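With mmCIF, C-alpha atoms inside, this is input-v3.cif:
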data_my_file
loop_
_atom_site.label_atom_id
_atom_site.label_comp_id
_atom_site.auth_asym_id
_atom_site.auth_seq_id
_atom_site.Cartn_x
_atom_site.Cartn_y
_atom_site.Cartn_z
CA MET A 1 -8.31 -2.95 8.53
CA GLY A 2 -6.17 -3.13 5.42
CA SER A 3 -7.09 -4.97 2.25
CA LYS A 4 -4.74 -7.87 3.00
CA GLU A 5 -6.19 -8.33 6.50
CA TYR A 6 -9.74 -8.06 5.19
CA ASP A 7 -9.06 -10.73 2.56
CA LEU A 8 -7.69 -13.10 5.23
CA VAL A 9 -10.66 -12.50 7.54
CA LEU A 10 -13.07 -13.05 4.64
CA ARG A 11 -11.36 -16.32 3.63
CA ARG A 12 -11.57 -17.55 7.23
CA MET A 13 -15.25 -16.61 7.44
CA GLN A 14 -15.93 -18.41 4.16
CA ARG A 15 -14.11 -21.49 5.43
CA TYR A 16 -16.14 -21.46 8.65
CA ALA A 17 -19.34 -20.96 6.62
CA THR A 18 -18.40 -24.07 4.63
CA PHE A 19 -18.27 -26.05 7.88
CA GLN A 20 -21.55 -24.55 9.01
CA GLU A 21 -23.30 -25.57 5.79
CA ARG A 22 -22.03 -29.13 6.31
CA MET A 23 -23.33 -29.18 9.91
CA ILE A 24 -26.93 -28.81 8.75
CA GLY A 25 -28.36 -32.32 8.73
CA VAL A 26 -30.57 -33.85 6.07
CA ASP A 27 -33.58 -33.01 8.25
CA GLY A 28 -32.38 -29.47 9.01
CA SER A 29 -31.09 -30.33 12.48
CA PHE A 30 -27.68 -29.31 13.74
CA PRO A 31 -25.59 -30.36 16.75
CA PRO A 32 -26.35 -28.54 20.01
CA PHE A 33 -22.86 -27.77 21.21
CA GLY A 34 -21.20 -24.66 22.56
CA ARG A 35 -22.16 -22.40 25.42
CA SER A 36 -24.34 -20.20 23.23
CA ILE A 37 -26.84 -22.83 22.06
CA THR A 38 -29.69 -20.74 23.46
CA TYR A 39 -29.07 -18.37 20.54
CA ARG A 40 -30.40 -21.22 18.44
CA THR A 41 -29.89 -20.48 14.73
CA GLY A 42 -27.72 -17.45 15.55
CA ALA A 43 -24.81 -19.89 15.47
CA PHE A 44 -25.10 -19.72 11.67
CA GLN A 45 -24.27 -16.02 11.46
CA SER A 46 -21.18 -16.63 9.30
CA LEU A 47 -23.16 -18.62 6.76
CA ALA A 48 -25.81 -15.90 6.70
CA GLN A 49 -23.15 -13.18 6.44
CA VAL A 50 -21.45 -14.67 3.36
CA ALA A 51 -24.88 -14.80 1.72
CA LEU A 52 -25.62 -11.19 2.66
CA LEU A 53 -22.26 -10.09 1.24
CA GLY A 54 -22.55 -12.31 -1.83
CA LYS A 55 -19.15 -13.78 -0.92
CA TYR A 56 -20.05 -17.45 -1.22
CA PRO A 57 -17.39 -20.03 -0.40
CA GLU A 58 -16.09 -21.96 -3.38
CA GLY A 59 -18.37 -24.89 -4.11
CA LEU A 60 -21.42 -23.48 -2.32
CA SER A 61 -24.12 -21.85 -4.42
CA PRO A 62 -26.75 -19.37 -3.28
CA GLY A 63 -29.52 -21.94 -3.88
CA GLN A 64 -27.64 -24.56 -1.88
CA ILE A 65 -27.12 -22.25 1.09
CA ARG A 66 -30.72 -20.99 0.96
CA SER A 67 -32.02 -24.57 0.93
CA ALA A 68 -29.85 -25.60 3.87
CA MET A 69 -30.76 -22.52 5.91
CA THR A 70 -34.46 -22.90 5.11
CA ALA A 71 -34.39 -26.51 6.32
CA MET A 72 -32.52 -25.43 9.47
CA HIS A 73 -34.97 -22.60 10.22
CA ARG A 74 -37.96 -24.83 9.62
CA ARG A 75 -36.56 -27.52 11.90
CA MET A 76 -35.91 -25.00 14.66
CA PHE A 77 -39.05 -22.92 14.43
CA ASP A 78 -41.64 -25.40 13.14
CA SER A 79 -40.59 -28.41 15.22
CA CYS A 80 -39.74 -26.82 18.57
CA SER A 81 -42.02 -24.92 20.92
CA ASN A 82 -39.66 -22.00 21.29
CA PHE A 83 -42.07 -19.24 22.28
CA ASP A 84 -44.02 -18.49 25.44
CA GLN A 85 -47.71 -17.50 25.52
CA LYS A 86 -46.80 -13.87 24.84
CA GLY A 87 -44.62 -14.75 21.83
CA TRP A 88 -41.21 -14.33 23.49
CA LEU A 89 -38.42 -16.83 22.92
CA LEU A 90 -37.92 -19.27 25.78
CA LEU A 91 -34.57 -20.03 27.40
CA GLY A 92 -33.46 -23.23 25.76
CA PHE A 93 -32.43 -24.77 22.47
CA CYS A 94 -35.51 -26.62 21.25
CA GLY A 95 -38.28 -25.43 23.51
CA GLY A 96 -37.99 -24.37 27.12
CA GLN A 97 -34.76 -25.80 28.51
CA PRO A 98 -33.51 -23.21 31.01
CA GLU A 99 -30.85 -25.60 32.31
CA VAL A 100 -28.79 -25.10 29.12
CA ALA A 101 -28.63 -21.32 29.59
CA ASP A 102 -25.74 -19.55 31.25
CA THR A 103 -26.40 -17.40 34.32
CA TYR A 104 -25.91 -14.22 32.28
CA THR A 105 -28.35 -15.28 29.52
CA SER A 106 -31.61 -13.38 29.40
CA THR A 107 -34.61 -13.39 27.10
CA GLY A 108 -33.03 -10.51 25.19
CA SER A 109 -29.88 -12.57 24.53
CA LEU A 110 -31.96 -15.19 22.76
CA TYR A 111 -32.63 -12.78 19.93
CA MET A 112 -29.09 -13.34 18.69
CA THR A 113 -30.94 -16.01 16.71
CA THR A 114 -31.90 -13.22 14.30
CA LEU A 115 -28.30 -13.16 13.03
CA SER A 116 -29.16 -16.19 10.91
CA PHE A 117 -31.80 -14.13 9.12
CA LEU A 118 -29.30 -11.65 7.60
CA PRO A 119 -30.19 -12.74 4.03
CA LEU A 120 -33.60 -11.14 4.55
CA GLY A 121 -31.76 -7.89 3.82
CA LEU A 122 -31.11 -9.00 0.24
CA SER A 123 -33.10 -7.76 -2.72
CA VAL A 124 -35.81 -10.08 -4.07
CA ASN A 125 -33.73 -10.23 -7.27
CA ASP A 126 -30.59 -11.47 -5.51
CA PRO A 127 -29.30 -14.92 -6.55
CA PHE A 128 -29.86 -16.07 -2.95
CA TRP A 129 -33.60 -15.86 -3.66
CA THR A 130 -33.73 -16.45 -7.42
CA ASN A 131 -31.37 -19.41 -7.88
CA LYS A 132 -33.05 -22.78 -7.99
CA PRO A 133 -33.08 -24.77 -4.72
CA GLU A 134 -30.25 -27.28 -4.42
CA ASP A 135 -29.38 -30.04 -2.01
CA TRP A 136 -26.76 -29.06 0.56
CA THR A 137 -23.61 -31.04 1.25
CA THR A 138 -24.93 -33.34 3.99
CA LYS A 139 -28.05 -34.13 2.00
CA LYS A 140 -25.95 -34.90 -1.09
CA ALA A 141 -23.61 -37.12 0.93
CA TRP A 142 -26.39 -39.15 2.58
CA GLN A 143 -28.17 -39.61 -0.75
CA GLY A 144 -25.05 -40.94 -2.47
CA GLN A 145 -24.71 -37.86 -4.70
CA ALA A 146 -21.40 -36.31 -5.67
CA PHE A 147 -20.23 -33.53 -3.34
CA LYS A 148 -17.07 -31.48 -2.91
CA LYS A 149 -14.54 -33.16 -0.66
CA ASP A 150 -13.13 -31.22 2.25
CA TYR A 151 -9.69 -29.70 1.88
CA LYS A 152 -6.80 -28.40 3.92
CA ILE A 153 -5.98 -24.74 4.10
CA GLY A 154 -2.67 -22.93 4.25
CA TYR A 155 -3.53 -19.54 5.66
#

Could you quickly redo this structure as structure tokens?
Amino acid sequence: MGSKEYDLVLRRMQRYATFQERMIGVDGSFPPFGRSITYRTGAFQSLAQVALLGKYPEGLSPGQIRSAMTAMHRRMFDSCSNFDQKGWLLLGFCGGQPEVADTYTSTGSLYMTTLSFLPLGLSVNDPFWTNKPEDWTTKKAWQGQAFKKDYKIGY
């Protein structure tokens, strides 16, 4: 892929990551839509990827993204009974809900959720870990704080 194509793909990933950050609710929840909801937090791979690459979207800081993702992970893995007695992920979104899985989904597929943990590959000195925690966009909005308005794109 050429430099021009890479730059376009990166901008699109950053734009999608911006939407993902805004989808994380004040309580860390996020909407269960799409056919891959059994991958749970794996849906946030783009947000995790921009953090791993250090290519943060304009207006989103490392501390803001870390805070949002921490709240999302806590909501998913502290509030839901997602594991069976042997420690394997269950088919479902929040707990065992096999009816939301596709016929081709297996226990192994569920581990796509690990894609949201990409920032664990960052050094302990990376700004993702060292920047102060910050409220994320949805939290700012619902608390009456200033936040960056959404914008149109031309690419």

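Note that CA of Thr18 (chain A) and CA of Gly59 (chain A) are 8.8 Å apart.
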
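The residue set within 12 Å of Arg11 (chain A), counting all atoms listed in the file and dropping same-chain residues fewer than 6 places from it, reads Lys4, Glu5, Ala17, Thr18, Ser46, Val50, Lys55, Tyr56, Pro57, Glu58, Ile153, Gly154 and Tyr155 of chain A.
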
Given only C-alpha atoms, how would the per-residue table for region 69-151 of chain A near region 24-33 of chain A read, listing every residue at most 10 Å away with its closest atom pair and distance in Å to one decimal, sorted by chain and number, as a Markdown table?
| residue | atom | partner | partner_atom | distance |
| --- | --- | --- | --- | --- |
| A:Met69 | CA | A:Gly28 | CA | 7.8 |
| A:Thr70 | CA | A:Gly28 | CA | 7.9 |
| A:Ala71 | CA | A:Gly28 | CA | 4.5 |
| A:Met72 | CA | A:Gly28 | CA | 4.1 |
| A:His73 | CA | A:Gly28 | CA | 7.4 |
| A:Arg74 | CA | A:Gly28 | CA | 7.3 |
| A:Arg75 | CA | A:Gly28 | CA | 5.4 |
| A:Met76 | CA | A:Ser29 | CA | 7.5 |
| A:Phe93 | CA | A:Pro32 | CA | 7.6 |
| A:Cys94 | CA | A:Pro32 | CA | 9.4 |
| A:Asp135 | CA | A:Val26 | CA | 9.0 |
| A:Trp136 | CA | A:Ile24 | CA | 8.2 |
| A:Thr137 | CA | A:Ile24 | CA | 8.5 |
| A:Thr138 | CA | A:Gly25 | CA | 5.9 |
| A:Lys139 | CA | A:Val26 | CA | 4.8 |
| A:Lys140 | CA | A:Val26 | CA | 8.6 |
| A:Ala141 | CA | A:Val26 | CA | 9.2 |
| A:Trp142 | CA | A:Val26 | CA | 7.6 |
| A:Gln143 | CA | A:Val26 | CA | 9.2 |

Output of the above residues as an mmCIF file, in the frame of the given file, restricted to C-alpha atoms:
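Written out: out_34.cif:
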data_model
loop_
_atom_site.group_PDB
_atom_site.id
_atom_site.type_symbol
_atom_site.label_atom_id
_atom_site.label_comp_id
_atom_site.auth_asym_id
_atom_site.auth_seq_id
_atom_site.Cartn_x
_atom_site.Cartn_y
_atom_site.Cartn_z
ATOM 1 C CA MET A 69 -30.760 -22.520 5.910
ATOM 2 C CA THR A 70 -34.460 -22.900 5.110
ATOM 3 C CA ALA A 71 -34.390 -26.510 6.320
ATOM 4 C CA MET A 72 -32.520 -25.430 9.470
ATOM 5 C CA HIS A 73 -34.970 -22.600 10.220
ATOM 6 C CA ARG A 74 -37.960 -24.830 9.620
ATOM 7 C CA ARG A 75 -36.560 -27.520 11.900
ATOM 8 C CA MET A 76 -35.910 -25.000 14.660
ATOM 9 C CA PHE A 93 -32.430 -24.770 22.470
ATOM 10 C CA CYS A 94 -35.510 -26.620 21.250
ATOM 11 C CA ASP A 135 -29.380 -30.040 -2.010
ATOM 12 C CA TRP A 136 -26.760 -29.060 0.560
ATOM 13 C CA THR A 137 -23.610 -31.040 1.250
ATOM 14 C CA THR A 138 -24.930 -33.340 3.990
ATOM 15 C CA LYS A 139 -28.050 -34.130 2.000
ATOM 16 C CA LYS A 140 -25.950 -34.900 -1.090
ATOM 17 C CA ALA A 141 -23.610 -37.120 0.930
ATOM 18 C CA TRP A 142 -26.390 -39.150 2.580
ATOM 19 C CA GLN A 143 -28.170 -39.610 -0.750
#

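Using all atoms listed in the file, the nearest neighbour of Leu60 (chain A) within the list A:Gly108, A:Gly144, A:Pro119, A:Pro133 is A:Pro133.
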
Taking the file as shown, find all residues satisfying the PyMOL selection byres ((chain A and resi 38) around 9) and write them as a ChimeraX atom specification. /A:35-37,39-42,90-94,97-98,100-102,105,109-110,112-113

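Among the candidates A:Thr107, A:Ser61, A:Thr130, A:Ser3, the one nearest to Phe83 (chain A) when counting only C-alpha atoms is A:Thr107.
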
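As for CA of Leu118 (chain A) and CA of Asp84 (chain A), they are spaced 24.1 Å apart.
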
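Between CA of Tyr6 (chain A) and CA of Gly54 (chain A) the interatomic distance comes to 15.2 Å.
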